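To start, the structure under review is shown below, and the notes come after it.
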Amino acid sequence: MGKRLAAMAATALALIVAACATPPSSAASDAGVITRETMNHGGLTRAYQVHDFSGGHKAPVIIVMHGGGGNSANAVMMTQFDVIGRREHLIVVYPDGSAGPLVPGLETWNSGHCCAQAMRNKVDDIGFLSAVIDRMVAAGKADPARVYATGMSNGGMESHRLGIELSDKIAAIAPVVGALFGDEAPPKRAVPVLIINGADDQIVPRAGGALAPGGGIASGQADHALLPWQAQGEYWARAGGCGALVTTAVPGASLTTYPGCRRGVEVLHYIVANNGHAWPGGMAGRAEANQPTKDFNASEVIWAFFKRHKL
């Protein structure tokens, strides 16, 4: 009996040691493999999480960008994109923006006229995200014809920029509760675009104008007025040669489409009812933030759109 107990104790100790030996930057489970990776770019150490549900096969990649004042862990929680990644065998990448030395927790993206120190320091986020895509393609993980970008608020603004500047690498984009500023150059290629705004959003105002306080960033963090929401669809519809808009009611939202686009181009714009500055169908970033509606699942709608398009 003593030998048996000793053997059981040795086995338990071996299991504990093995568990402790797992690097903190990597975790594996039936749900996939999760790693936190870094690279040096533009004089900064940049980080991103890779949630790989591909089972080792070349797979679509969805880049999910957090809002201003958030981070990659925040994006995982708010969007719940891992639920879809696990089911559809995707690779979901959650990059971190950059933070300034005075407010180290305020991570933002340089989306041209927003936000905070990333904008003021002209951080090369486009170059960073392009390098992430290149690294994943070179490793044989990413299907280069099926790389997509989405994001919330400041991250939604950044997904517009990716579509404009990296249209040779990005198959489609889906900005959520974001906006445009009006001085964007024409895209190199008209990409398919799905846009989502919340009908009750008071942070990114429907009529355009100043970015309001909240949403993880303070007032004054943008240096240019926002355009009205509909300018997003109009910008991409012009680029894609689309026709006049058509608006219809759908469950939980109104949907504006732009028919007659050039082959391969699709432009959709949802205004989600009972939703403020939040990711519809997801989770709020903090207790005092706008609570997302549960009547419209943005992540599911976005994936259904993305899987129709490839380079």
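Ligands are numbered from 1 in the order shown, chains are lettered A, B, ... in the order of the structure tokens, and residues start at 1 in each chain.
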**OP:** Using only C-alpha atoms, determine which residues lie at most 9 Å from Ala199 (chain A), disregarding the query and same-chain residues fewer than 5 positions distant; provide the list as a list of chain:residue names.
**Re:**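 Surrounding residues, per the criterion: A:Arg206, A:Ala253, A:Ile271, A:Val272, A:Ala273, A:Asn274, A:Asn275, A:Gly276, A:His277.
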Subject >> Distance query region 181-198 of chain A at most 6 Å, only C-alpha atoms, self and fewer than 4 positions along chain excluded, as a ChimeraX atom specification >> reply: /A:164,167,172-177,226-227,239-240,265-272,275-276
Export, as a compact mmCIF listing (two decimals), in the first residue's frame, the selected residues with N, CA and C atoms.
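Written output follows (result.txt):
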```
# COMPACT_ATOMS: atom_id res chain seq x y z
N ILE A 164 -8.25 50.66 -46.76
CA ILE A 164 -7.77 51.67 -47.70
C ILE A 164 -6.32 51.41 -48.10
N SER A 167 -5.33 47.01 -49.12
CA SER A 167 -6.35 46.28 -49.88
C SER A 167 -5.77 45.12 -50.68
N ALA A 172 -11.70 41.73 -46.82
CA ALA A 172 -12.91 42.47 -46.47
C ALA A 172 -12.72 43.07 -45.09
N ILE A 173 -13.49 44.12 -44.78
CA ILE A 173 -13.41 44.77 -43.48
C ILE A 173 -14.81 44.93 -42.89
N ALA A 174 -14.85 45.13 -41.55
CA ALA A 174 -16.13 45.33 -40.86
C ALA A 174 -15.94 46.27 -39.68
N PRO A 175 -16.00 47.59 -39.90
CA PRO A 175 -15.88 48.55 -38.79
C PRO A 175 -17.15 48.54 -37.93
N VAL A 176 -16.98 48.53 -36.62
CA VAL A 176 -18.09 48.55 -35.67
C VAL A 176 -18.01 49.82 -34.83
N VAL A 177 -19.10 50.55 -34.73
CA VAL A 177 -19.23 51.84 -34.04
C VAL A 177 -18.03 52.76 -34.31
N LEU A 226 -15.64 64.14 -36.90
CA LEU A 226 -16.09 62.93 -37.57
C LEU A 226 -17.14 63.28 -38.62
N LEU A 227 -17.18 62.49 -39.68
CA LEU A 227 -18.27 62.60 -40.64
C LEU A 227 -19.51 61.88 -40.10
N ALA A 239 -16.13 54.04 -54.21
CA ALA A 239 -14.94 53.28 -54.62
C ALA A 239 -15.31 52.03 -55.40
N GLY A 240 -16.45 51.41 -55.04
CA GLY A 240 -16.86 50.17 -55.68
C GLY A 240 -17.79 50.34 -56.85
N VAL A 265 -17.46 43.37 -55.05
CA VAL A 265 -17.63 44.43 -54.06
C VAL A 265 -19.03 44.35 -53.47
N GLU A 266 -19.11 44.49 -52.16
CA GLU A 266 -20.40 44.51 -51.46
C GLU A 266 -20.27 45.52 -50.33
N VAL A 267 -21.26 46.40 -50.18
CA VAL A 267 -21.26 47.41 -49.13
C VAL A 267 -22.58 47.33 -48.38
N LEU A 268 -22.50 47.02 -47.08
CA LEU A 268 -23.67 46.91 -46.22
C LEU A 268 -23.47 47.78 -44.99
N HIS A 269 -24.55 48.40 -44.50
CA HIS A 269 -24.46 49.23 -43.30
C HIS A 269 -25.66 48.97 -42.41
N TYR A 270 -25.38 48.39 -41.22
CA TYR A 270 -26.42 48.11 -40.24
C TYR A 270 -26.44 49.21 -39.18
N ILE A 271 -27.63 49.71 -38.85
CA ILE A 271 -27.85 50.55 -37.67
C ILE A 271 -28.63 49.70 -36.68
N VAL A 272 -27.99 49.34 -35.59
CA VAL A 272 -28.54 48.35 -34.67
C VAL A 272 -29.37 49.04 -33.59
N ASN A 275 -28.84 49.84 -29.13
CA ASN A 275 -27.41 49.59 -28.93
C ASN A 275 -26.67 50.92 -28.98
N GLY A 276 -25.87 51.18 -27.96
CA GLY A 276 -25.08 52.40 -27.92
C GLY A 276 -23.68 52.17 -28.45
```
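Our summary of the geometry notes that CA of Arg238 (chain A) is positioned 26.7 Å from CA of Glu300 (chain A).
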**OP:** Taking the chain letters and numbering used in this document, name the residues of region 34-259 of chain A that DSSP puts in strand (DSSP E), as a ChimeraX atom specification.
**Re:** /A:34-41,44-52,59-65,91-95,98-99,107-108,142-152,172-176,193-198,246-250,253-257
Can I get the selected residues back with C-alpha atoms, as a PDB file, in the first residue's frame?
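Contents of selection-v9.pdb, as written:
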```pdb
ATOM      1  CA  ILE A  34      -3.428  30.571 -27.777  1.00  0.00           C
ATOM      2  CA  THR A  35      -0.128  32.434 -27.966  1.00  0.00           C
ATOM      3  CA  ARG A  36       1.028  35.963 -27.244  1.00  0.00           C
ATOM      4  CA  GLU A  37       3.619  37.106 -29.753  1.00  0.00           C
ATOM      5  CA  THR A  38       5.758  40.205 -30.078  1.00  0.00           C
ATOM      6  CA  MET A  39       7.804  41.963 -32.717  1.00  0.00           C
ATOM      7  CA  ASN A  40       9.881  45.119 -32.944  1.00  0.00           C
ATOM      8  CA  HIS A  41       8.377  47.617 -35.350  1.00  0.00           C
ATOM      9  CA  LEU A  44       8.378  49.909 -30.472  1.00  0.00           C
ATOM     10  CA  THR A  45       7.815  46.426 -29.122  1.00  0.00           C
ATOM     11  CA  ARG A  46       4.407  45.437 -30.477  1.00  0.00           C
ATOM     12  CA  ALA A  47       2.288  42.557 -29.206  1.00  0.00           C
ATOM     13  CA  TYR A  48      -0.665  40.503 -30.413  1.00  0.00           C
ATOM     14  CA  GLN A  49      -2.576  37.407 -29.365  1.00  0.00           C
ATOM     15  CA  VAL A  50      -3.101  34.546 -31.814  1.00  0.00           C
ATOM     16  CA  HIS A  51      -6.061  32.268 -31.062  1.00  0.00           C
ATOM     17  CA  ASP A  52      -5.503  29.395 -33.466  1.00  0.00           C
ATOM     18  CA  ALA A  59      -7.101  28.924 -42.346  1.00  0.00           C
ATOM     19  CA  PRO A  60      -8.896  32.258 -42.673  1.00  0.00           C
ATOM     20  CA  VAL A  61      -7.545  34.946 -40.343  1.00  0.00           C
ATOM     21  CA  ILE A  62      -9.694  37.589 -38.660  1.00  0.00           C
ATOM     22  CA  ILE A  63      -7.879  40.569 -37.142  1.00  0.00           C
ATOM     23  CA  VAL A  64      -9.969  42.016 -34.288  1.00  0.00           C
ATOM     24  CA  MET A  65      -8.892  45.453 -33.011  1.00  0.00           C
ATOM     25  CA  ILE A  91      -7.382  31.921 -36.627  1.00  0.00           C
ATOM     26  CA  VAL A  92      -8.399  35.028 -34.698  1.00  0.00           C
ATOM     27  CA  VAL A  93      -5.702  37.646 -34.098  1.00  0.00           C
ATOM     28  CA  TYR A  94      -6.154  40.247 -31.354  1.00  0.00           C
ATOM     29  CA  PRO A  95      -3.422  42.902 -31.685  1.00  0.00           C
ATOM     30  CA  SER A  98       0.301  51.335 -28.359  1.00  0.00           C
ATOM     31  CA  ALA A  99       0.312  53.232 -25.078  1.00  0.00           C
ATOM     32  CA  GLU A 107      -3.792  51.716 -25.812  1.00  0.00           C
ATOM     33  CA  THR A 108      -4.952  53.323 -29.044  1.00  0.00           C
ATOM     34  CA  ALA A 142      -2.861  32.052 -42.860  1.00  0.00           C
ATOM     35  CA  ASP A 143      -4.705  31.646 -46.126  1.00  0.00           C
ATOM     36  CA  PRO A 144      -3.470  34.838 -47.836  1.00  0.00           C
ATOM     37  CA  ALA A 145      -6.710  35.140 -49.817  1.00  0.00           C
ATOM     38  CA  ARG A 146      -8.826  35.145 -46.651  1.00  0.00           C
ATOM     39  CA  VAL A 147      -7.450  37.740 -44.237  1.00  0.00           C
ATOM     40  CA  TYR A 148     -10.106  40.034 -42.746  1.00  0.00           C
ATOM     41  CA  ALA A 149     -10.154  43.010 -40.383  1.00  0.00           C
ATOM     42  CA  THR A 150     -12.716  44.285 -37.890  1.00  0.00           C
ATOM     43  CA  GLY A 151     -12.613  46.455 -34.805  1.00  0.00           C
ATOM     44  CA  MET A 152     -14.588  48.583 -32.412  1.00  0.00           C
ATOM     45  CA  ALA A 172     -12.914  42.466 -46.475  1.00  0.00           C
ATOM     46  CA  ILE A 173     -13.414  44.771 -43.480  1.00  0.00           C
ATOM     47  CA  ALA A 174     -16.134  45.331 -40.862  1.00  0.00           C
ATOM     48  CA  PRO A 175     -15.884  48.550 -38.794  1.00  0.00           C
ATOM     49  CA  VAL A 176     -18.092  48.548 -35.671  1.00  0.00           C
ATOM     50  CA  VAL A 193     -17.294  46.399 -46.396  1.00  0.00           C
ATOM     51  CA  LEU A 194     -19.830  45.692 -43.671  1.00  0.00           C
ATOM     52  CA  ILE A 195     -20.439  48.632 -41.309  1.00  0.00           C
ATOM     53  CA  ILE A 196     -22.212  48.512 -37.950  1.00  0.00           C
ATOM     54  CA  ASN A 197     -23.309  51.462 -35.811  1.00  0.00           C
ATOM     55  CA  GLY A 198     -25.475  51.516 -32.691  1.00  0.00           C
ATOM     56  CA  VAL A 246     -31.612  51.057 -50.387  1.00  0.00           C
ATOM     57  CA  THR A 247     -32.686  50.817 -46.722  1.00  0.00           C
ATOM     58  CA  THR A 248     -34.813  48.009 -45.296  1.00  0.00           C
ATOM     59  CA  ALA A 249     -35.778  46.740 -41.859  1.00  0.00           C
ATOM     60  CA  VAL A 250     -34.164  43.506 -40.660  1.00  0.00           C
ATOM     61  CA  ALA A 253     -31.612  46.691 -37.117  1.00  0.00           C
ATOM     62  CA  SER A 254     -32.068  48.705 -40.276  1.00  0.00           C
ATOM     63  CA  LEU A 255     -29.893  47.678 -43.207  1.00  0.00           C
ATOM     64  CA  THR A 256     -28.650  49.964 -45.960  1.00  0.00           C
ATOM     65  CA  THR A 257     -27.282  48.313 -49.095  1.00  0.00           C
TER      66      THR A 257
END
```
Subject >> Minimum-distance residue to Phe305 (chain A), chosen among A:Ala244, A:Ala225, A:Phe81, A:Ala171 (using only C-alpha atoms) >> reply: A:Ala171
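Proximity of A:Gly43, A:Pro205, A:Gly285, A:Gly32 to Leu90 (chain A), computed with only C-alpha atoms, is greatest for A:Gly32.
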Subject >> Residues of region 28-151 of chain A in helix (DSSP H, G or I), written as number ranges by chain >> reply: A: 72-79, 81-88, 116-120, 125-138
Save out the residues we just selected, C-alpha atoms, as a PDB file, in the first residue's frame.
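Generated file (part-v8.pdb):
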```pdb
ATOM      1  CA  SER A  72      -6.268  42.596 -26.842  1.00  0.00           C
ATOM      2  CA  ALA A  73      -7.752  40.835 -23.795  1.00  0.00           C
ATOM      3  CA  ASN A  74     -10.563  43.387 -23.784  1.00  0.00           C
ATOM      4  CA  ALA A  75     -11.287  42.635 -27.459  1.00  0.00           C
ATOM      5  CA  VAL A  76     -11.454  38.895 -26.778  1.00  0.00           C
ATOM      6  CA  MET A  77     -14.077  39.438 -24.079  1.00  0.00           C
ATOM      7  CA  MET A  78     -16.159  42.117 -25.800  1.00  0.00           C
ATOM      8  CA  THR A  79     -16.488  40.517 -29.233  1.00  0.00           C
ATOM      9  CA  PHE A  81     -15.136  36.036 -31.596  1.00  0.00           C
ATOM     10  CA  ASP A  82     -13.519  32.918 -30.185  1.00  0.00           C
ATOM     11  CA  VAL A  83     -16.936  31.233 -30.163  1.00  0.00           C
ATOM     12  CA  ILE A  84     -17.007  31.521 -33.955  1.00  0.00           C
ATOM     13  CA  GLY A  85     -13.301  30.809 -34.355  1.00  0.00           C
ATOM     14  CA  ARG A  86     -13.652  27.529 -32.485  1.00  0.00           C
ATOM     15  CA  ARG A  87     -16.712  26.442 -34.466  1.00  0.00           C
ATOM     16  CA  GLU A  88     -15.395  27.488 -37.890  1.00  0.00           C
ATOM     17  CA  ALA A 116      -4.530  59.880 -28.329  1.00  0.00           C
ATOM     18  CA  GLN A 117      -0.777  59.251 -28.333  1.00  0.00           C
ATOM     19  CA  ALA A 118      -0.851  56.788 -31.272  1.00  0.00           C
ATOM     20  CA  MET A 119      -2.230  59.602 -33.416  1.00  0.00           C
ATOM     21  CA  ARG A 120       0.018  62.312 -31.940  1.00  0.00           C
ATOM     22  CA  ASP A 125       0.065  50.744 -37.002  1.00  0.00           C
ATOM     23  CA  ILE A 126      -0.525  49.948 -40.675  1.00  0.00           C
ATOM     24  CA  GLY A 127       3.058  48.740 -41.010  1.00  0.00           C
ATOM     25  CA  PHE A 128       2.779  46.725 -37.798  1.00  0.00           C
ATOM     26  CA  LEU A 129      -0.434  44.971 -38.850  1.00  0.00           C
ATOM     27  CA  SER A 130       0.939  44.355 -42.342  1.00  0.00           C
ATOM     28  CA  ALA A 131       3.984  42.693 -40.752  1.00  0.00           C
ATOM     29  CA  VAL A 132       1.721  40.512 -38.597  1.00  0.00           C
ATOM     30  CA  ILE A 133      -0.085  39.321 -41.733  1.00  0.00           C
ATOM     31  CA  ASP A 134       3.214  38.653 -43.505  1.00  0.00           C
ATOM     32  CA  ARG A 135       4.544  36.679 -40.538  1.00  0.00           C
ATOM     33  CA  MET A 136       1.455  34.464 -40.405  1.00  0.00           C
ATOM     34  CA  VAL A 137       1.425  33.857 -44.154  1.00  0.00           C
ATOM     35  CA  ALA A 138       5.148  33.000 -44.123  1.00  0.00           C
TER      36      ALA A 138
END
```
